[in-house]
>>> print(open('final_3.cif').read())   # mmCIF, C-alpha atoms and all ligand atoms
data_model
loop_
_atom_site.label_atom_id
_atom_site.label_comp_id
_atom_site.auth_asym_id
_atom_site.auth_seq_id
_atom_site.Cartn_x
_atom_site.Cartn_y
_atom_site.Cartn_z
CA MET A 57 212.43 73.90 28.10
CA LYS A 58 213.26 72.14 31.36
CA GLY A 59 210.91 69.34 32.43
CA GLN A 60 209.87 68.57 28.86
CA GLU A 61 209.79 64.81 28.14
CA LEU A 62 210.05 64.85 24.34
CA PRO A 63 212.04 67.00 21.88
CA ILE A 64 209.83 69.78 20.55
CA LEU A 65 209.33 68.38 17.06
CA ASP A 66 208.36 64.94 18.40
CA ARG A 67 205.10 66.63 19.41
CA PRO A 68 202.59 68.38 17.11
CA VAL A 69 203.14 72.05 16.28
CA LEU A 70 200.15 74.39 16.56
CA LEU A 71 200.10 77.07 13.86
CA THR A 72 197.51 79.81 14.39
CA GLY A 73 196.67 82.23 11.59
CA ALA A 74 197.32 79.45 9.08
CA ALA A 75 195.07 81.09 6.46
CA GLY A 76 197.11 84.32 6.43
CA THR A 77 199.96 85.11 4.05
CA ILE A 78 202.70 84.07 6.47
CA GLY A 79 200.57 81.27 7.91
CA SER A 80 200.01 79.58 4.54
CA LEU A 81 203.68 79.99 3.65
CA LEU A 82 204.65 78.22 6.88
CA ALA A 83 201.94 75.57 6.50
CA GLU A 84 203.28 74.58 3.09
CA ARG A 85 206.97 74.85 3.82
CA LEU A 86 207.02 73.25 7.28
CA SER A 87 204.74 70.37 6.32
CA ALA A 88 207.08 69.70 3.38
CA LEU A 89 209.86 69.37 5.97
CA GLY A 90 207.85 66.63 7.67
CA TRP A 91 206.50 68.66 10.60
CA THR A 92 203.22 67.49 12.14
CA LEU A 93 201.13 70.66 12.03
CA ARG A 94 197.86 71.45 13.70
CA LEU A 95 196.63 74.33 11.56
CA THR A 96 193.99 76.76 12.67
CA ASP A 97 192.38 80.06 11.70
CA LEU A 98 189.09 81.92 12.01
CA VAL A 99 188.52 81.37 8.28
CA ASP A 100 189.16 78.46 5.92
CA LEU A 101 192.61 77.86 4.43
CA PRO A 102 193.24 79.30 0.94
CA ILE A 103 195.35 76.21 0.18
CA PRO A 104 194.62 72.48 0.46
CA VAL A 105 195.39 71.09 3.91
CA PRO A 106 198.94 69.73 3.51
CA THR A 107 199.45 65.99 3.90
CA GLY A 108 200.12 65.06 7.51
CA SER A 109 198.49 68.24 8.86
CA THR A 110 195.03 68.89 10.28
CA PHE A 111 192.92 72.03 10.08
CA ASP A 112 190.31 73.31 12.54
CA ARG A 113 188.57 76.65 12.57
CA LEU A 114 189.15 78.47 15.83
CA ASP A 115 188.36 81.81 17.43
CA LEU A 116 191.37 82.87 19.53
CA GLU A 117 188.94 84.49 21.95
CA ASP A 118 187.52 81.05 22.81
CA PHE A 119 189.69 80.06 25.76
CA ASP A 120 188.51 76.41 25.92
CA ALA A 121 188.91 75.85 22.19
CA VAL A 122 192.49 77.19 22.26
CA HIS A 123 193.29 74.81 25.12
CA ARG A 124 191.75 71.83 23.35
CA LEU A 125 193.68 72.48 20.15
CA ALA A 126 196.99 73.04 21.96
CA GLU A 127 196.68 69.76 23.87
CA GLY A 128 199.94 67.79 23.49
CA CYS A 129 201.71 70.43 21.34
CA GLY A 130 205.39 71.18 21.94
CA LEU A 131 205.51 74.41 19.95
CA ILE A 132 203.00 77.13 19.17
CA LEU A 133 203.63 79.35 16.15
CA HIS A 134 201.19 82.12 16.94
CA PHE A 135 200.50 83.91 13.66
CA GLY A 136 196.78 84.47 14.31
CA GLY A 137 195.12 87.80 15.06
CA VAL A 138 194.93 91.22 13.42
CA SER A 139 198.01 91.88 11.28
CA THR A 140 197.54 95.50 10.21
CA GLU A 141 196.55 98.78 11.85
CA HIS A 142 192.94 98.83 13.13
CA PRO A 143 190.88 100.69 15.74
CA PHE A 144 191.56 99.62 19.32
CA GLU A 145 188.33 97.65 19.69
CA ALA A 146 189.15 95.49 16.66
CA VAL A 147 192.63 94.69 18.01
CA LEU A 148 191.59 94.05 21.60
CA GLY A 149 189.97 90.60 21.30
CA PRO A 150 192.26 88.74 18.88
CA ASN A 151 195.56 90.37 19.78
CA LEU A 152 195.32 90.98 23.53
CA ARG A 153 192.88 88.39 24.86
CA GLY A 154 193.90 85.92 22.13
CA VAL A 155 197.60 86.02 22.91
CA PHE A 156 196.84 85.60 26.61
CA HIS A 157 194.96 82.39 25.76
CA ILE A 158 197.94 81.20 23.74
CA TYR A 159 200.34 81.78 26.64
CA GLU A 160 198.04 80.05 29.12
CA ALA A 161 197.85 77.07 26.76
CA ALA A 162 201.65 77.07 26.36
CA ARG A 163 202.03 77.11 30.13
CA ARG A 164 199.77 74.07 30.52
CA GLN A 165 201.40 72.15 27.69
CA LYS A 166 204.97 73.16 28.58
CA ALA A 167 205.21 74.35 24.99
CA ARG A 168 207.59 76.88 23.44
CA VAL A 169 206.03 79.88 21.69
CA VAL A 170 207.10 81.79 18.60
CA PHE A 171 205.49 85.20 18.88
CA PRO A 172 205.62 87.39 15.78
CA SER A 173 206.21 90.87 17.04
CA SER A 174 206.68 93.53 14.39
CA VAL A 175 208.55 96.56 13.12
CA HIS A 176 205.37 98.35 14.21
CA ALA A 177 206.30 97.78 17.88
CA VAL A 178 209.16 100.22 17.17
CA GLY A 179 207.57 102.04 14.24
CA LEU A 180 207.93 105.55 15.65
CA TYR A 181 211.70 105.53 15.57
CA ASP A 182 213.23 107.59 12.81
CA ARG A 183 214.67 105.56 9.97
CA SER A 184 218.10 106.98 10.85
CA ALA A 185 218.00 105.25 14.27
CA VAL A 186 219.83 101.94 14.65
CA LEU A 187 218.07 99.78 17.22
CA ASP A 188 219.26 97.00 19.50
CA GLN A 189 217.02 94.30 20.93
CA ASP A 190 216.62 96.07 24.29
CA CYS A 191 215.52 99.43 22.89
CA LEU A 192 212.48 101.16 24.29
CA LEU A 193 209.43 100.01 22.34
CA ARG A 194 207.73 102.85 20.42
CA PRO A 195 204.60 101.42 18.78
CA ASP A 196 203.12 103.30 15.85
CA GLY A 197 199.45 102.40 16.45
CA TYR A 198 197.12 99.95 18.19
CA TYR A 199 198.44 97.03 16.16
CA GLY A 200 202.03 97.86 17.15
CA LEU A 201 200.88 98.36 20.72
CA SER A 202 199.41 94.83 20.73
CA LYS A 203 202.80 93.52 19.60
CA ALA A 204 204.51 95.38 22.45
CA TYR A 205 201.95 93.85 24.82
CA GLY A 206 202.64 90.37 23.38
CA GLU A 207 206.35 90.85 24.00
CA MET A 208 205.71 91.84 27.62
CA LEU A 209 203.30 88.94 28.11
CA ALA A 210 205.97 86.58 26.80
CA ARG A 211 208.48 88.10 29.22
CA LEU A 212 206.05 87.60 32.13
CA TYR A 213 205.43 83.96 31.22
CA TRP A 214 209.16 83.31 30.94
CA ASP A 215 210.09 85.03 34.22
CA LYS A 216 207.19 83.63 36.18
CA HIS A 217 206.37 80.29 34.52
CA ALA A 218 209.48 79.32 32.46
CA VAL A 219 207.51 79.36 29.18
CA GLU A 220 210.11 79.86 26.44
CA SER A 221 209.52 82.30 23.58
CA VAL A 222 211.21 83.65 20.51
CA LEU A 223 209.93 87.16 19.85
CA ILE A 224 210.52 87.92 16.18
CA ARG A 225 210.24 91.61 15.35
CA ILE A 226 209.26 90.96 11.77
CA GLY A 227 210.00 93.56 9.15
CA SER A 228 208.40 92.69 5.81
CA VAL A 229 208.02 89.03 4.80
CA LEU A 230 207.75 89.27 1.03
CA PRO A 231 208.87 87.31 -2.02
CA GLU A 232 210.76 90.44 -3.08
CA VAL A 233 211.36 94.06 -2.08
CA GLY A 234 208.51 96.39 -3.17
CA ASP A 235 209.73 99.88 -2.21
CA GLU A 236 212.71 101.73 -0.71
CA ARG A 237 211.64 101.10 2.89
CA HIS A 238 211.67 97.36 2.29
CA LEU A 239 215.40 97.59 1.53
CA SER A 240 215.73 97.93 5.32
CA THR A 241 212.85 95.73 6.53
CA TRP A 242 212.73 92.88 3.99
CA ILE A 243 213.06 89.25 5.03
CA SER A 244 213.04 86.63 2.30
CA HIS A 245 210.75 83.62 2.53
CA ASP A 246 213.75 81.31 2.77
CA ASP A 247 215.40 83.27 5.61
CA PHE A 248 212.09 83.41 7.43
CA VAL A 249 211.39 79.67 7.16
CA ARG A 250 214.95 78.89 8.29
CA LEU A 251 214.43 81.17 11.29
CA ILE A 252 211.25 79.31 12.28
CA GLN A 253 213.13 76.02 11.94
CA ARG A 254 215.82 77.28 14.30
CA CYS A 255 213.17 78.42 16.79
CA ALA A 256 212.08 74.77 17.01
CA GLU A 257 215.49 73.13 16.85
CA ALA A 258 217.48 75.38 19.21
CA GLY A 259 218.15 73.63 22.51
CA GLN A 260 217.19 76.51 24.74
CA VAL A 261 215.81 79.89 23.72
CA ASP A 262 214.67 81.42 27.05
CA CYS A 263 212.85 84.62 26.02
CA SER A 264 214.77 85.85 23.02
CA VAL A 265 214.32 88.78 20.67
CA ILE A 266 215.21 88.46 16.98
CA TRP A 267 215.03 91.21 14.37
CA GLY A 268 213.16 89.54 11.53
CA ALA A 269 215.05 90.88 8.53
CA SER A 270 217.44 89.42 5.97
CA ASN A 271 221.10 90.45 5.90
CA ASN A 272 220.30 93.91 4.47
CA SER A 273 223.05 96.53 4.53
CA ARG A 274 220.40 99.26 5.01
CA SER A 275 218.95 97.52 8.11
CA PHE A 276 217.51 99.66 10.92
CA TRP A 277 218.51 96.96 13.42
CA ARG A 278 221.54 95.17 14.84
CA HIS A 279 222.19 93.19 18.07
CA ASP A 280 219.74 90.41 18.94
CA ALA A 281 219.74 86.75 20.05
CA ARG A 282 220.44 85.14 16.65
CA ARG A 283 223.64 83.50 17.84
CA LYS A 284 221.78 81.82 20.69
CA ILE A 285 219.09 80.58 18.29
CA GLY A 286 221.67 79.59 15.68
CA TRP A 287 220.17 81.64 12.83
CA THR A 288 222.05 83.53 10.16
CA PRO A 289 220.08 85.19 7.37
CA LEU A 290 221.56 84.28 4.00
CA ASP A 291 219.64 86.65 1.72
CA CYS A 292 220.10 90.40 1.29
CA SER A 293 217.95 93.15 -0.23
CA ASP A 294 220.90 95.12 -1.65
CA ASP A 295 220.76 93.66 -5.14
CA GLN A 296 217.12 94.82 -5.45
CA ALA A 297 217.92 98.49 -4.70
CA GLU A 298 218.15 99.57 -8.32
CA ARG A 299 214.73 98.11 -9.17
CA VAL A 300 212.93 100.06 -6.39
CA ARG A 301 214.90 103.31 -6.55
CA GLY A 302 212.46 106.22 -6.14
CA LYS A 303 209.62 104.00 -4.94
CA VAL A 304 208.61 106.22 -2.03
CA THR A 305 205.45 108.11 -1.06
CA ASP A 306 205.12 111.90 -1.04
CA ASP A 307 204.22 111.90 2.68
CA PRO A 308 207.12 113.09 4.89
CA VAL A 309 205.67 111.34 7.95
CA VAL A 310 205.52 107.97 6.18
CA GLU A 311 209.05 108.40 4.88
CA ARG A 312 210.49 109.54 8.17
CA TYR A 313 209.59 106.63 10.41
CA GLN A 314 210.50 102.93 10.47
CA GLY A 315 206.79 102.02 10.58
CA GLY A 316 206.11 103.69 7.22
CA LYS A 317 202.46 104.02 6.25
CA PHE A 318 201.09 102.53 9.49
CA VAL A 319 202.29 105.70 11.26
CA VAL A 320 199.95 108.04 9.39
CA ASP A 321 196.82 106.07 10.25
CA ASP A 322 195.04 108.44 12.68
CA TYR A 323 198.21 110.55 13.09
CA SER A 324 197.24 113.91 14.60
CA ARG A 325 200.40 115.79 15.57
CA ALA A 326 200.30 119.18 13.94
CA ASP A 327 204.06 119.69 14.37
CA PHE A 328 206.90 117.56 13.08
CA PRO A 329 208.70 116.52 16.27
CA PRO A 330 212.48 116.89 16.41
CA SER A 331 214.10 113.50 15.95
CA ALA A 332 215.76 113.63 19.38
CA MET A 333 212.39 113.93 21.14
CA PHE A 334 212.21 110.35 22.42
CA ASP A 335 215.83 109.38 22.20
CA ASP A 336 216.95 106.82 24.72
CA ASP A 337 219.74 108.85 26.30
C1 LIG B 401 203.52 94.16 9.53
O1 LIG B 401 203.62 93.95 10.73
C2 LIG B 401 202.33 93.72 8.77
O2 LIG B 401 201.73 92.56 9.32
C3 LIG B 401 202.62 93.50 7.30
O3 LIG B 401 201.38 93.44 6.62
C4 LIG B 401 203.51 94.60 6.69
O4 LIG B 401 202.78 95.77 6.57
C5 LIG B 401 204.75 94.82 7.53
O5 LIG B 401 204.44 94.95 8.90
C6 LIG B 401 205.51 96.07 7.08
O6 LIG B 401 205.40 97.12 7.70
O7 LIG B 401 206.17 95.98 6.05
#
>>> encode(input="final_3.cif", output="structure tokens", more="lines below")
Ligand code: 15L
Amino acid sequence: MKGQELPILDRPVLLTGAAGTIGSLLAERLSALGWTLRLTDLVDLPIPVPTGSTFDRLDLEDFDAVHRLAEGCGLILHFGGVSTEHPFEAVLGPNLRGVFHIYEAARRQKARVVFPSSVHAVGLYDRSAVLDQDCLLRPDGYYGLSKAYGEMLARLYWDKHAVESVLIRIGSVLPEVGDERHLSTWISHDDFVRLIQRCAEAGQVDCSVIWGASNNSRSFWRHDARRKIGWTPLDCSDDQAERVRGKVTDDPVVERYQGGKFVVDDYSRADFPPSAMFDDD
């Protein structure tokens, strides 16, 4: 980012949501790479605080506390907040107000942000659709809607305040594929950690969108900013296809859409809309 005195990794990295599944993975793997991490979550860490890192409990809705913790940071990995489908009121504070606090802190600190968007920001596309980075967002619930909001907030802070972001539309970060849908959405731990490394090391990222999936031949997604970031996924779900063959639900709505089971939470359409209903053309 222009006007920044020090390279990003010469300053501490704030990691929110450090107690979550992805957060603890990143805490362990990035600290092992020598990163100076400021870890935070609403609850205590399930792992020992890695050497060289600090941990503080933090409520993302506390504007002053977010600012204090972000002081001096060059990068914010914002993995805090609600990470599954919930009623609107439960999503509102952590995911809408919380991400606003993160972007205000990034603006003050001239920090870069990694914002984990999600497959659920586009979860109401049919699985037969192949999406590019600039597709219309079609969230599959309030959680996905909060990810779409986060993407737009990031865009606003880039256009208006030059705060850089990498928006990673994460599929499924898992040690291994668990069902047939994951053959399209899976991203291995190693590919994911390498992507986060590139988000920090890339010279300039502007406001970039990355599809967060390994090099899966069944991917729902294609063009994004990976060349600009310098990331190439090395893993691939294809060799796990045999193991999960037939691992599907018996719900046609779940199996139709990219968002899978999140779609059916509070789903109330009585009809089964034709697939062309929302097509971009
Ligand atoms: C997500 O965004 C969730 O945070 C995660 O728990 C998974 O459900 C993932 O999407 C997915 O849909 O596989």
>>> closest_residue(input="final_3.cif", among="A:Val229, A:Val147, A:Leu86, A:Ala126", to="ligand LIG 401 (chain B)", atoms="only C-alpha atoms and all ligand atoms")
A:Val229
>>> atom_distance(input="final_3.cif", atom1="CA of Val175 (chain A)", atom2="CA of Gly227 (chain A)")
5.2 Å
>>> closest_residue(input="final_3.cif", among="A:Ala218, A:Ala146, A:Ile64, A:Cys292", to="Thr241 (chain A)", atoms="only C-alpha atoms")
A:Cys292
>>> residues_around(input="final_3.cif", residues="Gly315 (chain A)", least_positions_apart="6", cutoff="12 Å", atoms="only C-alpha atoms", output="list in words")
Thr140, Glu141, Ser174, Val175, His176, Ala177, Val178, Gly179, Leu180, Tyr181, Asp182, Arg183, Arg194, Pro195, Asp196, Gly197, Tyr199, Gly200, Arg225, Ile226, Gly227, Ser228, Arg237, His238, Ser240, Thr241, Phe276, Val309 and Asp321 of chain A
>>> axis_aligned_box(input="final_3.cif", around="ligand LIG 401 (chain B)", padding_each_side="6 Å", output="AutoDock Vina command-line options")
--center_x 203.8 --center_y 94.8 --center_z 8.4 --size_x 16.8 --size_y 16.6 --size_z 16.7
>>> atom_distance(input="final_3.cif", atom1="CA of Asp112 (chain A)", atom2="CA of Leu133 (chain A)")
15.1 Å
>>> residues_around(input="final_3.cif", residues="region 220-224 of chain A", least_positions_apart="3", cutoff="7 Å", atoms="only C-alpha atoms", output="short mmCIF file (atom, residue, chain, number, x, y, z; two decimals) with C-alpha atoms, in the coordinates of the input")
data_model
loop_
_atom_site.label_atom_id
_atom_site.label_comp_id
_atom_site.auth_asym_id
_atom_site.auth_seq_id
_atom_site.Cartn_x
_atom_site.Cartn_y
_atom_site.Cartn_z
CA MET A 57 212.43 73.90 28.10
CA ARG A 168 207.59 76.88 23.44
CA VAL A 169 206.03 79.88 21.69
CA VAL A 170 207.10 81.79 18.60
CA PHE A 171 205.49 85.20 18.88
CA PRO A 172 205.62 87.39 15.78
CA SER A 173 206.21 90.87 17.04
CA GLU A 207 206.35 90.85 24.00
CA ALA A 210 205.97 86.58 26.80
CA TRP A 214 209.16 83.31 30.94
CA CYS A 255 213.17 78.42 16.79
CA VAL A 261 215.81 79.89 23.72
CA ASP A 262 214.67 81.42 27.05
CA CYS A 263 212.85 84.62 26.02
CA SER A 264 214.77 85.85 23.02
CA VAL A 265 214.32 88.78 20.67
CA ILE A 266 215.21 88.46 16.98
CA TRP A 267 215.03 91.21 14.37
CA GLY A 268 213.16 89.54 11.53
#
>>> closest_residue(input="final_3.cif", among="A:Gln253, A:Ile285, A:Asp235, A:Ser244", to="Lys317 (chain A)", atoms="only C-alpha atoms")
A:Asp235
>>> closest_residue(input="final_3.cif", among="A:Glu236, A:Ala167, A:Glu257, A:Phe318", to="Val304 (chain A)", atoms="only C-alpha atoms")
A:Glu236
>>> residues_around(input="final_3.cif", residues="Leu152 (chain A)", least_positions_apart="3", cutoff="9 Å", atoms="all atoms listed in the file", output="PyMOL selection string")
chain A and resi 147-149+155-157+202-203+205-206
>>> atom_distance(input="final_3.cif", atom1="CA of Leu70 (chain A)", atom2="CA of Gly259 (chain A)")
19.0 Å
>>> residues_around(input="final_3.cif", residues="Asp291 (chain A)", least_positions_apart="2", cutoff="6 Å", atoms="all atoms listed in the file", output="VMD selection string")
chain A and resid 270 to 271 289
>>> closest_residue(input="final_3.cif", among="A:Phe328, A:Trp242, A:Tyr323, A:Tyr313", to="ligand LIG 401 (chain B)", atoms="all atoms listed in the file")
A:Trp242
